[in-house]
Amino acid sequence: MQSLGSNGRPHGRGVSMRMGTAGMAVMVVVFLVAVVFAANQNDVIGWLVAIISLGWLLIFSYVVLSLRSAARKAADRIQAHGGFGGAGASPAGPVAVDRARDLKLDHSFKIVQVQVGVVREYLGKDEGMVERALETIEITSHNARSMMKGSTEGPVEGTVVD
């Protein structure tokens, strides 16, 4: 039994699939007509047309079958991840969300590294600059921890006041 899509039709039986089937039928008819005319006329040009139509039929068949198998694999992959909007799945997919989070965490760590350099440079010279750098490190590390899985604390918006 085949599962139904959101439109009530079986998956993989949309307009584009029916058009591919109709197009394949047309290409087969064109090839058969070319072969019949070439056999009746028995001239070189008729057989060249038949060979060219066979080539187009093969190309068309390859494209249609490749697209169908790719669509089938994509549908299986979507169904394996719970479908669109399924439990635990976002429309962008879990991989895209993890990638975005990893980029944000990487950026946070870069900020911390820069601020550590600022602390080292201004330690003993400018206490205000050191305090601002330490505050930035504290906010950035808190925000990075809030991005980690399982953290219940939200990001810090603004500055930390003691």
# chains A, B, ... in the order shown; residues from 1 in each chain; ligands from 1
call {"tool": "residues_around", "arguments": {"residues": "range 100-112 of chain A", "least_positions_apart": "6", "cutoff": "12 Å", "atoms": "only C-alpha atoms", "output": "PyMOL selection string"}}
result
chain A and resi 92-94+118-119+133-149
call {"tool": "atom_distance", "arguments": {"atom1": "CA of Ile51 in chain A", "atom2": "CA of Leu32 in chain A"}}
result
10.9 Å
call {"tool": "atom_distance", "arguments": {"atom1": "CA of Val114 in chain A", "atom2": "CA of Val130 in chain A"}}
result
12.2 Å
call {"tool": "select_by_dssp", "arguments": {"residues": "range 27-155 of chain A", "states": "helix (DSSP H, G or I)", "output": "ChimeraX atom specification"}}
result
/A:27-41,44-80,94-122,127-147
call {"tool": "residues_around", "arguments": {"residues": "Leu54 in chain A", "least_positions_apart": "3", "cutoff": "10 Å", "atoms": "only C-alpha atoms", "output": "number ranges by chain"}}
result
A: 27-28, 30-32, 34-35, 48-51, 57-60
call {"tool": "atom_distance", "arguments": {"atom1": "CA of Gly46 in chain A", "atom2": "CA of Leu65 in chain A"}}
result
28.3 Å
